[in-house]
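Source file: model_10.cif (mmCIF, C-alpha atoms and all ligand atoms)
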data_start
loop_
_atom_site.label_atom_id
_atom_site.label_comp_id
_atom_site.auth_asym_id
_atom_site.auth_seq_id
_atom_site.Cartn_x
_atom_site.Cartn_y
_atom_site.Cartn_z
CA MET R 4 59.07 -3.85 -60.96
CA SER R 5 55.37 -4.23 -61.25
CA ILE R 6 55.32 -7.27 -59.00
CA LEU R 7 56.03 -5.06 -56.02
CA ARG R 8 52.82 -3.22 -55.68
CA CYS R 9 50.33 -6.03 -55.47
CA PRO R 10 51.95 -8.13 -52.75
CA ALA R 11 52.80 -5.05 -50.73
CA THR R 12 49.30 -3.66 -50.98
CA ARG R 13 47.68 -6.97 -50.20
CA SER R 14 49.79 -7.55 -47.17
CA THR R 15 49.10 -4.08 -45.90
CA MET R 16 45.37 -4.52 -46.31
CA ALA R 17 45.47 -7.82 -44.52
CA LEU R 18 47.51 -6.40 -41.70
CA ARG R 19 45.17 -3.47 -41.38
CA SER R 20 42.12 -5.65 -40.98
CA MET R 21 43.92 -7.88 -38.52
CA MET R 22 44.94 -4.90 -36.45
CA ALA R 23 41.39 -3.61 -36.37
CA LEU R 24 40.33 -6.79 -34.68
CA ARG R 25 42.79 -6.57 -31.90
CA SER R 26 41.82 -5.42 -28.46
CA ALA R 27 42.97 -2.07 -27.21
CA ALA R 28 43.48 -3.52 -23.76
CA ALA R 29 47.13 -4.22 -24.25
CA LEU R 30 48.29 -0.66 -24.73
CA LEU R 31 51.70 -0.07 -23.32
CA ALA R 32 52.71 3.17 -21.76
CA GLY R 33 56.17 3.48 -23.22
CA THR R 34 57.11 6.22 -20.83
CA ALA R 35 60.79 5.67 -20.40
CA LEU R 36 62.19 5.22 -23.85
CA LEU R 37 65.61 6.70 -23.57
CA ALA R 38 68.08 7.32 -26.28
CA GLY R 39 71.42 5.79 -25.59
CA CYS R 40 72.36 2.88 -27.75
CA ALA R 41 75.92 2.36 -28.74
CA ALA R 42 75.25 3.72 -32.16
CA GLY R 43 77.39 5.81 -34.40
CA PRO R 44 79.46 8.74 -33.36
CA VAL R 45 77.27 11.63 -34.44
CA GLY R 46 73.83 11.93 -32.94
CA GLY R 47 72.76 8.49 -34.02
CA LEU R 48 73.37 9.34 -37.64
CA ALA R 49 75.74 6.54 -38.40
CA GLU R 50 74.54 3.00 -38.68
CA PRO R 51 75.66 1.09 -35.60
CA SER R 52 78.55 -0.85 -36.92
CA ILE R 53 79.02 -4.45 -35.97
CA PRO R 54 81.27 -6.42 -38.27
CA PRO R 55 79.75 -9.72 -39.33
CA THR R 56 82.57 -11.63 -37.70
CA ALA R 57 81.82 -10.05 -34.34
CA ILE R 58 78.27 -11.28 -34.21
CA SER R 59 77.59 -14.35 -32.18
CA SER R 60 75.28 -16.91 -33.61
CA THR R 61 73.71 -17.42 -30.22
CA ALA R 62 70.56 -15.52 -29.50
CA SER R 63 70.04 -13.29 -26.54
CA SER R 64 69.25 -14.76 -23.19
CA GLY R 65 67.86 -11.56 -21.80
CA PRO R 66 64.24 -11.17 -20.81
CA ALA R 67 63.71 -8.46 -23.38
CA SER R 68 60.43 -7.28 -21.97
CA SER R 69 62.15 -6.10 -18.83
CA SER R 70 64.60 -3.84 -20.62
CA GLY R 71 61.92 -1.36 -21.61
CA PRO R 72 58.91 0.12 -19.92
CA ALA R 73 56.66 -2.76 -20.82
CA THR R 74 54.01 -3.34 -18.27
CA SER R 75 53.74 -6.99 -18.94
CA SER R 76 56.19 -9.75 -18.42
CA GLY R 77 54.21 -12.81 -19.14
CA PRO R 78 54.98 -16.10 -17.53
CA ALA R 79 56.00 -17.38 -20.93
CA THR R 80 59.02 -15.08 -20.90
CA SER R 81 62.02 -17.24 -20.42
CA SER R 82 64.89 -16.45 -18.15
CA GLY R 83 67.00 -19.06 -19.78
CA PRO R 84 69.07 -18.86 -22.92
CA ALA R 85 67.19 -18.77 -26.18
CA GLY R 86 69.56 -20.53 -28.48
CA PRO R 87 69.08 -20.91 -32.20
CA GLY R 88 67.79 -24.42 -31.73
CA ILE R 89 64.78 -23.32 -29.74
CA ALA R 90 61.57 -23.27 -31.69
CA PRO R 91 60.21 -19.75 -32.15
CA SER R 92 56.80 -20.57 -30.82
CA ALA R 93 56.75 -23.76 -28.89
CA VAL R 94 53.25 -24.46 -27.72
CA ALA R 95 53.00 -24.82 -23.98
CA GLY R 96 50.07 -27.19 -24.16
CA ALA R 97 46.97 -27.96 -26.10
CA GLY R 98 45.01 -24.75 -26.26
CA GLY R 99 47.46 -23.08 -23.91
CA PRO R 100 49.44 -19.91 -24.45
CA LYS R 101 52.40 -19.97 -26.78
CA ALA R 102 55.77 -19.86 -25.10
CA HIS R 103 58.10 -17.24 -26.48
CA HIS R 104 61.56 -16.33 -25.40
CA GLY R 105 62.21 -12.71 -24.49
CA TRP R 106 58.71 -11.44 -25.20
CA SER R 107 55.05 -12.20 -24.80
CA GLU R 108 52.08 -11.23 -26.92
CA ALA R 109 50.94 -8.80 -24.21
CA ASP R 110 54.13 -6.81 -24.83
CA ILE R 111 52.99 -5.86 -28.33
CA PRO R 112 51.34 -2.43 -28.56
CA VAL R 113 48.04 -2.00 -30.32
CA PHE R 114 47.89 0.65 -33.01
CA ALA R 115 45.25 2.71 -34.68
CA PRO R 116 44.50 1.44 -38.18
CA ALA R 117 47.03 2.70 -40.72
CA PRO R 118 45.70 5.31 -43.15
CA VAL R 119 45.39 4.56 -46.84
CA PRO R 120 48.92 5.33 -48.07
CA GLU R 121 49.44 8.53 -50.03
CA ARG R 122 52.23 7.87 -52.49
CA VAL R 123 55.06 10.35 -52.45
CA ILE R 124 56.47 11.77 -55.67
CA LEU R 125 60.22 11.59 -55.40
CA PRO R 126 62.23 14.48 -56.80
CA GLY R 127 63.85 14.05 -60.19
CA THR R 128 67.58 13.63 -59.74
CA ASP R 129 69.01 13.48 -63.24
CA GLY R 130 70.64 10.10 -63.28
CA SER R 131 70.99 9.60 -59.53
CA ALA R 132 68.74 7.85 -57.04
CA PRO R 133 67.24 10.16 -54.41
CA TYR R 134 68.37 9.65 -50.84
CA LEU R 135 66.08 10.24 -47.87
CA SER R 136 66.01 9.73 -44.11
CA ARG R 137 62.26 10.07 -43.78
CA VAL R 138 59.21 9.96 -46.01
CA PRO R 139 57.80 13.41 -46.74
CA THR R 140 54.30 12.66 -45.53
CA ALA R 141 52.06 14.17 -42.89
CA GLN R 142 50.22 10.91 -42.40
CA LYS R 143 50.45 9.46 -38.91
CA VAL R 144 52.80 6.66 -39.84
CA ALA R 145 56.39 5.60 -39.23
CA PHE R 146 58.52 2.96 -40.92
CA ILE R 147 60.51 0.18 -39.29
CA THR R 148 63.58 -1.02 -41.16
CA ILE R 149 65.74 -3.97 -40.10
CA ASP R 150 69.24 -4.40 -41.47
CA ASP R 151 71.84 -7.02 -42.36
CA GLY R 152 70.59 -10.51 -41.45
CA TYR R 153 73.78 -12.17 -40.24
CA LEU R 154 72.23 -13.11 -36.93
CA LYS R 155 69.05 -15.04 -37.55
CA HIS R 156 67.21 -14.60 -34.29
CA PRO R 157 64.89 -17.55 -33.69
CA GLU R 158 62.17 -15.32 -32.24
CA ALA R 159 61.98 -12.83 -35.11
CA PRO R 160 59.51 -14.72 -37.34
CA ALA R 161 57.01 -15.38 -34.54
CA LEU R 162 57.31 -11.89 -33.12
CA LEU R 163 56.78 -10.20 -36.47
CA ALA R 164 53.82 -12.44 -37.20
CA ALA R 165 52.30 -11.69 -33.80
CA ALA R 166 52.78 -7.95 -34.19
CA HIS R 167 50.94 -7.70 -37.52
CA VAL R 168 53.01 -4.74 -38.68
CA PRO R 169 54.86 -4.30 -41.97
CA VAL R 170 58.64 -3.86 -42.00
CA THR R 171 61.34 -3.36 -44.59
CA LEU R 172 64.43 -5.58 -44.43
CA PHE R 173 67.63 -4.18 -45.90
CA LEU R 174 69.48 -7.47 -46.26
CA THR R 175 73.12 -8.14 -47.03
CA ALA R 176 73.38 -10.89 -49.63
CA ASP R 177 76.25 -12.65 -47.88
CA ALA R 178 74.08 -12.90 -44.76
CA VAL R 179 71.14 -14.33 -46.66
CA ARG R 180 73.09 -16.81 -48.75
CA GLU R 181 73.69 -19.24 -45.91
CA ASP R 182 69.99 -19.60 -45.16
CA PRO R 183 67.48 -17.81 -47.40
CA ASP R 184 64.69 -19.91 -45.93
CA TYR R 185 65.04 -18.13 -42.60
CA PHE R 186 63.60 -15.00 -44.18
CA ARG R 187 60.60 -16.55 -45.90
CA PRO R 188 58.33 -16.58 -42.80
CA LEU R 189 59.26 -12.95 -42.25
CA ILE R 190 58.16 -12.12 -45.79
CA ASP R 191 54.98 -14.10 -45.21
CA ALA R 192 54.38 -11.98 -42.10
CA GLY R 193 54.61 -8.71 -44.02
CA ALA R 194 58.31 -7.97 -44.49
CA VAL R 195 59.59 -6.61 -47.80
CA VAL R 196 63.24 -7.23 -48.71
CA GLU R 197 65.45 -4.45 -50.08
CA ALA R 198 69.13 -4.17 -50.99
CA HIS R 199 72.03 -3.65 -48.56
CA THR R 200 74.99 -4.73 -50.76
CA ILE R 201 76.66 -8.11 -51.20
CA SER R 202 79.33 -7.99 -48.49
CA HIS R 203 78.56 -4.87 -46.41
CA PRO R 204 81.53 -2.68 -47.37
CA ASP R 205 81.81 1.04 -46.81
CA LEU R 206 80.96 2.21 -50.32
CA ARG R 207 81.97 5.82 -49.94
CA GLY R 208 84.94 6.67 -52.11
CA THR R 209 85.03 3.37 -53.97
CA SER R 210 84.77 3.06 -57.74
CA TYR R 211 81.61 3.13 -59.78
CA ALA R 212 82.22 -0.48 -60.79
CA THR R 213 82.57 -1.60 -57.19
CA GLN R 214 79.49 0.23 -56.04
CA LYS R 215 77.39 -0.96 -58.93
CA HIS R 216 78.52 -4.54 -58.31
CA GLN R 217 77.68 -4.32 -54.60
CA LEU R 218 74.29 -2.65 -55.01
CA CYS R 219 73.05 -4.21 -58.22
CA GLY R 220 74.56 -7.58 -57.45
CA SER R 221 72.76 -7.77 -54.14
CA ALA R 222 69.48 -6.75 -55.75
CA ASP R 223 69.90 -9.49 -58.33
CA GLU R 224 70.73 -12.15 -55.74
CA LEU R 225 67.84 -11.17 -53.50
CA ALA R 226 65.53 -11.35 -56.50
CA GLY R 227 66.79 -14.87 -57.13
CA TRP R 228 65.96 -16.00 -53.61
CA PHE R 229 62.73 -14.10 -53.02
CA THR R 230 61.34 -13.46 -56.54
CA ARG R 231 60.80 -9.76 -56.04
CA ARG R 232 63.74 -7.55 -57.03
CA PRO R 233 64.48 -4.78 -54.53
CA VAL R 234 63.68 -1.22 -55.53
CA LEU R 235 65.12 0.53 -52.47
CA PHE R 236 68.60 0.40 -50.99
CA ARG R 237 70.59 1.38 -47.95
CA PRO R 238 74.38 1.72 -48.16
CA PRO R 239 76.17 0.07 -45.21
CA TYR R 240 76.75 2.47 -42.31
CA GLY R 241 74.69 5.01 -44.25
CA ASN R 242 77.90 5.98 -46.05
CA LYS R 243 77.38 7.08 -49.62
CA ASP R 244 78.65 9.51 -52.19
CA ALA R 245 77.49 10.76 -55.57
CA THR R 246 78.78 7.57 -57.20
CA THR R 247 76.55 5.47 -54.94
CA LEU R 248 73.45 7.28 -56.06
CA ARG R 249 74.44 7.05 -59.72
CA ALA R 250 75.20 3.34 -59.51
CA ALA R 251 71.93 2.66 -57.70
CA HIS R 252 69.96 4.59 -60.30
CA ASP R 253 71.66 2.72 -63.13
CA CYS R 254 70.47 -0.67 -61.90
CA GLY R 255 66.91 0.34 -61.27
CA LEU R 256 66.96 1.16 -57.56
CA LYS R 257 64.48 3.95 -57.02
CA ALA R 258 65.65 5.48 -53.73
CA GLY R 259 68.08 5.08 -50.87
CA PHE R 260 67.16 5.44 -47.23
CA MET R 261 68.94 6.65 -44.15
CA TRP R 262 66.97 6.81 -40.93
CA ARG R 263 65.83 9.17 -38.19
CA GLU R 264 65.91 6.89 -35.15
CA THR R 265 68.04 3.88 -34.23
CA VAL R 266 67.22 1.07 -31.81
CA HIS R 267 69.85 -0.96 -30.01
CA LYS R 268 69.65 -3.11 -26.87
CA GLY R 269 66.03 -2.18 -26.38
CA LYS R 270 66.60 1.58 -26.44
CA VAL R 271 65.49 4.06 -29.06
CA ARG R 272 67.98 6.77 -29.91
CA TYR R 273 66.63 9.96 -31.40
CA GLN R 274 68.43 12.56 -33.49
CA GLY R 275 66.38 15.48 -32.30
CA GLU R 276 63.16 15.66 -30.38
CA HIS R 277 62.59 12.51 -28.33
CA ARG R 278 59.56 11.53 -30.27
CA VAL R 279 59.04 9.72 -33.54
CA GLN R 280 57.69 12.12 -36.15
CA PRO R 281 55.26 11.30 -38.96
CA GLY R 282 57.17 9.78 -41.87
CA ASP R 283 60.24 8.86 -39.81
CA VAL R 284 62.30 5.83 -40.74
CA ILE R 285 63.54 3.77 -37.79
CA LEU R 286 66.64 1.58 -38.03
CA MET R 287 67.27 -1.63 -36.12
CA HIS R 288 69.25 -4.77 -36.91
CA PHE R 289 69.02 -8.52 -36.74
CA ARG R 290 70.87 -8.71 -33.43
CA GLU R 291 70.74 -10.66 -30.22
CA ALA R 292 68.30 -8.18 -28.69
CA PHE R 293 65.87 -8.47 -31.60
CA PRO R 294 62.72 -8.84 -29.44
CA ALA R 295 63.69 -5.94 -27.17
CA ASP R 296 64.63 -3.75 -30.12
CA PHE R 297 61.51 -4.52 -32.12
CA LEU R 298 59.23 -3.94 -29.13
CA ALA R 299 61.04 -0.69 -28.30
CA ALA R 300 60.48 0.54 -31.85
CA LEU R 301 56.79 -0.38 -31.65
CA ARG R 302 56.38 1.35 -28.29
CA ALA R 303 58.06 4.51 -29.57
CA ILE R 304 55.75 4.60 -32.57
CA ARG R 305 52.72 3.99 -30.37
CA LYS R 306 53.78 6.63 -27.89
CA ALA R 307 53.97 9.16 -30.73
CA GLY R 308 50.41 8.33 -31.78
CA LEU R 309 51.62 6.83 -35.06
CA THR R 310 51.08 3.49 -36.77
CA PRO R 311 53.73 1.36 -38.52
CA ALA R 312 53.39 1.46 -42.29
CA LEU R 313 55.21 -0.02 -45.24
CA LEU R 314 57.89 2.12 -46.89
CA GLU R 315 57.19 0.59 -50.27
CA ASP R 316 53.55 1.68 -50.12
CA TYR R 317 54.76 5.28 -50.07
CA VAL R 318 57.84 5.53 -52.24
CA ALA R 319 58.34 2.53 -54.47
ZN ZN R 401 74.22 -2.89 -42.33
#
In structure tokens, how does this file's structure come out?
Amino acid sequence: MSILRCPATRSTMALRSMMALRSAAALLAGTALLAGCAAGPVGGLAEPSIPPTAISSTASSGPASSSGPATSSGPATSSGPAGPGIAPSAVAGAGGPKAHHGWSEADIPVFAPAPVPERVILPGTDGSAPYLSRVPTAQKVAFITIDDGYLKHPEAPALLAAAHVPVTLFLTADAVREDPDYFRPLIDAGAVVEAHTISHPDLRGTSYATQKHQLCGSADELAGWFTRRPVLFRPPYGNKDATTLRAAHDCGLKAGFMWRETVHKGKVRYQGEHRVQPGDVILMHFREAFPADFLAALRAIRKAGLTPALLEDYVA
């Protein structure tokens, strides 16, 4: 859809100029990022599977900045529970620092400005959407993707806004339906919403009609809530077959995405070399450890000398 390009490009430009203004004094070392989340069974390939019913609606109480190698643990970091009722960015006092729960602004790495995106020509696939786990680019960028949306972490909007980096959200329609407004500040902060089915089933082996309903139906619903219709998709658990790619193609989805790295409980898990490579797609979720996971992803990208970029600027 033509409405994609302008908002995405504008937000990227704005983010780039904001990042250029930031001080380099807050660089984080990121020296101890270890793989080891409780992800899927094979080398981090499978999407960490947490059924919606197993997810608590209570946000993490952990001081996320202490779970990684962050050098800062600001006084604003709370040791108490950060429940859903806590405002994302309560102001400590007039002109004082903002109080966040599980992170502080000093935890956020500073990146080199992102390059001007070089669009990638996707291979022709004769009636099927292409499926990738990274963007074939040599530019010094990596892509953060955040899945599902069942758990609406109260810190996510403020953290994303403070980080000034673009992300792609693969949202499950059933998770959005209960509170679409939760995601609007994230979109305002640079997130772009893509399709992740209606009810998060394992699509592999199911009928064309089922897969088309799940993929296309979620794209239509997301378009209804957020105006822009998704052009990318991710099948739940990364499980797909030829029917998935055909169904996605038939309702206008341009490409599906796996991932190269996963983040869970503040740890980055790599499939190969313990370093994010240019063009890599990183997977995390809306989970209780959202601040720790997001900061771990940022630190891994920074440690690799890369800058977060927007997937849709490259492939949509
Ligand atoms: Zn998912």
Neighbour list for segment 222-229 of chain R as a ChimeraX atom specification, cut-off 9 Å, only C-alpha atoms, skip fewer than 6 positions in-chain
/R:174-176,179-180,183-184,186-187,190,196-201,236,254,256
Could you list the protein, DNA and RNA residues that have any atom within 12 Å of ligand ZN 401 (chain R), counting all atoms listed in the file, and write them as an NGL selection string?
:R and (49-55 or 148-154 or 172-178 or 197-206 or 236-242 or 260-261 or 286-290)
Mind dumping the selected residues with C-alpha atoms as an mmCIF file, keeping the file's coordinate frame?
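Written out: part-v8.cif:
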data_model
loop_
_atom_site.group_PDB
_atom_site.id
_atom_site.type_symbol
_atom_site.label_atom_id
_atom_site.label_comp_id
_atom_site.auth_asym_id
_atom_site.auth_seq_id
_atom_site.Cartn_x
_atom_site.Cartn_y
_atom_site.Cartn_z
ATOM 1 C CA ALA R 49 75.740 6.540 -38.400
ATOM 2 C CA GLU R 50 74.540 3.000 -38.680
ATOM 3 C CA PRO R 51 75.660 1.090 -35.600
ATOM 4 C CA SER R 52 78.550 -0.850 -36.920
ATOM 5 C CA ILE R 53 79.020 -4.450 -35.970
ATOM 6 C CA PRO R 54 81.270 -6.420 -38.270
ATOM 7 C CA PRO R 55 79.750 -9.720 -39.330
ATOM 8 C CA THR R 148 63.580 -1.020 -41.160
ATOM 9 C CA ILE R 149 65.740 -3.970 -40.100
ATOM 10 C CA ASP R 150 69.240 -4.400 -41.470
ATOM 11 C CA ASP R 151 71.840 -7.020 -42.360
ATOM 12 C CA GLY R 152 70.590 -10.510 -41.450
ATOM 13 C CA TYR R 153 73.780 -12.170 -40.240
ATOM 14 C CA LEU R 154 72.230 -13.110 -36.930
ATOM 15 C CA LEU R 172 64.430 -5.580 -44.430
ATOM 16 C CA PHE R 173 67.630 -4.180 -45.900
ATOM 17 C CA LEU R 174 69.480 -7.470 -46.260
ATOM 18 C CA THR R 175 73.120 -8.140 -47.030
ATOM 19 C CA ALA R 176 73.380 -10.890 -49.630
ATOM 20 C CA ASP R 177 76.250 -12.650 -47.880
ATOM 21 C CA ALA R 178 74.080 -12.900 -44.760
ATOM 22 C CA GLU R 197 65.450 -4.450 -50.080
ATOM 23 C CA ALA R 198 69.130 -4.170 -50.990
ATOM 24 C CA HIS R 199 72.030 -3.650 -48.560
ATOM 25 C CA THR R 200 74.990 -4.730 -50.760
ATOM 26 C CA ILE R 201 76.660 -8.110 -51.200
ATOM 27 C CA SER R 202 79.330 -7.990 -48.490
ATOM 28 C CA HIS R 203 78.560 -4.870 -46.410
ATOM 29 C CA PRO R 204 81.530 -2.680 -47.370
ATOM 30 C CA ASP R 205 81.810 1.040 -46.810
ATOM 31 C CA LEU R 206 80.960 2.210 -50.320
ATOM 32 C CA PHE R 236 68.600 0.400 -50.990
ATOM 33 C CA ARG R 237 70.590 1.380 -47.950
ATOM 34 C CA PRO R 238 74.380 1.720 -48.160
ATOM 35 C CA PRO R 239 76.170 0.070 -45.210
ATOM 36 C CA TYR R 240 76.750 2.470 -42.310
ATOM 37 C CA GLY R 241 74.690 5.010 -44.250
ATOM 38 C CA ASN R 242 77.900 5.980 -46.050
ATOM 39 C CA PHE R 260 67.160 5.440 -47.230
ATOM 40 C CA MET R 261 68.940 6.650 -44.150
ATOM 41 C CA LEU R 286 66.640 1.580 -38.030
ATOM 42 C CA MET R 287 67.270 -1.630 -36.120
ATOM 43 C CA HIS R 288 69.250 -4.770 -36.910
ATOM 44 C CA PHE R 289 69.020 -8.520 -36.740
ATOM 45 C CA ARG R 290 70.870 -8.710 -33.430
#
Using all atoms listed in the file, which of R:Gly308, R:Gly193, R:Gly259, R:Pro169 sits nearest Pro133 of chain R?
R:Gly259
When you draw a straight line from atom CA of Asp283 of chain R to atom CA of Arg263 of chain R, how long is it in Å?
5.8 Å
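Distance-wise, atom CA of Glu158 of chain R and atom CA of His104 of chain R end up 6.9 Å apart.
When atom CA of Gly208 of chain R is paired with atom CA of Thr247 of chain R, their separation reads 8.9 Å.
The shortest atom-to-atom distance to Ala295 of chain R, with all atoms listed in the file taken into account, belongs to R:Gly269 out of R:Pro112, R:Pro160, R:Gly269, R:Pro188.
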Closest pair table for segment 131-154 of chain R residues within 8 Å of segment 279-282 of chain R, all atoms listed in the file, as JSON lines:
{"residue": "R:Arg137", "atom": "CA", "partner": "R:Gly282", "partner_atom": "CA", "distance": 5.4}
{"residue": "R:Val138", "atom": "CA", "partner": "R:Gly282", "partner_atom": "CA", "distance": 4.6}
{"residue": "R:Pro139", "atom": "CA", "partner": "R:Gly282", "partner_atom": "CA", "distance": 6.1}
{"residue": "R:Thr140", "atom": "CA", "partner": "R:Gly282", "partner_atom": "CA", "distance": 5.5}
{"residue": "R:Ala141", "atom": "CA", "partner": "R:Pro281", "partner_atom": "CA", "distance": 5.8}
{"residue": "R:Gln142", "atom": "CA", "partner": "R:Pro281", "partner_atom": "CA", "distance": 6.1}
{"residue": "R:Lys143", "atom": "CA", "partner": "R:Pro281", "partner_atom": "CA", "distance": 5.2}
{"residue": "R:Val144", "atom": "CA", "partner": "R:Pro281", "partner_atom": "CA", "distance": 5.3}
{"residue": "R:Ala145", "atom": "CA", "partner": "R:Gly282", "partner_atom": "CA", "distance": 5.0}
{"residue": "R:Phe146", "atom": "CA", "partner": "R:Gly282", "partner_atom": "CA", "distance": 7.0}
Residues as selected, C-alpha atoms, written as a PDB file, in the frame of the given file, can you do that?
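result.pdb, freshly written:
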ATOM      1  CA  ARG R 137      62.260  10.070 -43.780  1.00  0.00           C
ATOM      2  CA  VAL R 138      59.210   9.960 -46.010  1.00  0.00           C
ATOM      3  CA  PRO R 139      57.800  13.410 -46.740  1.00  0.00           C
ATOM      4  CA  THR R 140      54.300  12.660 -45.530  1.00  0.00           C
ATOM      5  CA  ALA R 141      52.060  14.170 -42.890  1.00  0.00           C
ATOM      6  CA  GLN R 142      50.220  10.910 -42.400  1.00  0.00           C
ATOM      7  CA  LYS R 143      50.450   9.460 -38.910  1.00  0.00           C
ATOM      8  CA  VAL R 144      52.800   6.660 -39.840  1.00  0.00           C
ATOM      9  CA  ALA R 145      56.390   5.600 -39.230  1.00  0.00           C
ATOM     10  CA  PHE R 146      58.520   2.960 -40.920  1.00  0.00           C
TER      11      PHE R 146
END
Selection: 7 Å around His267 of chain R, all atoms listed in the file, excl. self and same-chain fewer than 3 positions, as an mmCIF file with C-alpha atoms, in the coordinates of the input:
data_model
loop_
_atom_site.group_PDB
_atom_site.id
_atom_site.type_symbol
_atom_site.label_atom_id
_atom_site.label_comp_id
_atom_site.auth_asym_id
_atom_site.auth_seq_id
_atom_site.Cartn_x
_atom_site.Cartn_y
_atom_site.Cartn_z
ATOM 1 C CA CYS R 40 72.360 2.880 -27.750
ATOM 2 C CA LYS R 270 66.600 1.580 -26.440
ATOM 3 C CA VAL R 271 65.490 4.060 -29.060
ATOM 4 C CA MET R 287 67.270 -1.630 -36.120
ATOM 5 C CA ASP R 296 64.630 -3.750 -30.120
#
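Excluding Ala161 of chain R and any residue on its chain fewer than 3 positions from it, the residues at most 9 Å away by all atoms listed in the file are Pro91, Ser92, His103, Pro157, Glu158, Ala164, Ala165, Ala166, Pro188, Leu189 and Ala192 of chain R.
Closest approach to Lys257 of chain R from the set R:His156, R:Lys243, R:Arg232, R:Lys306 is made by R:Arg232, with distances taken over all atoms listed in the file.
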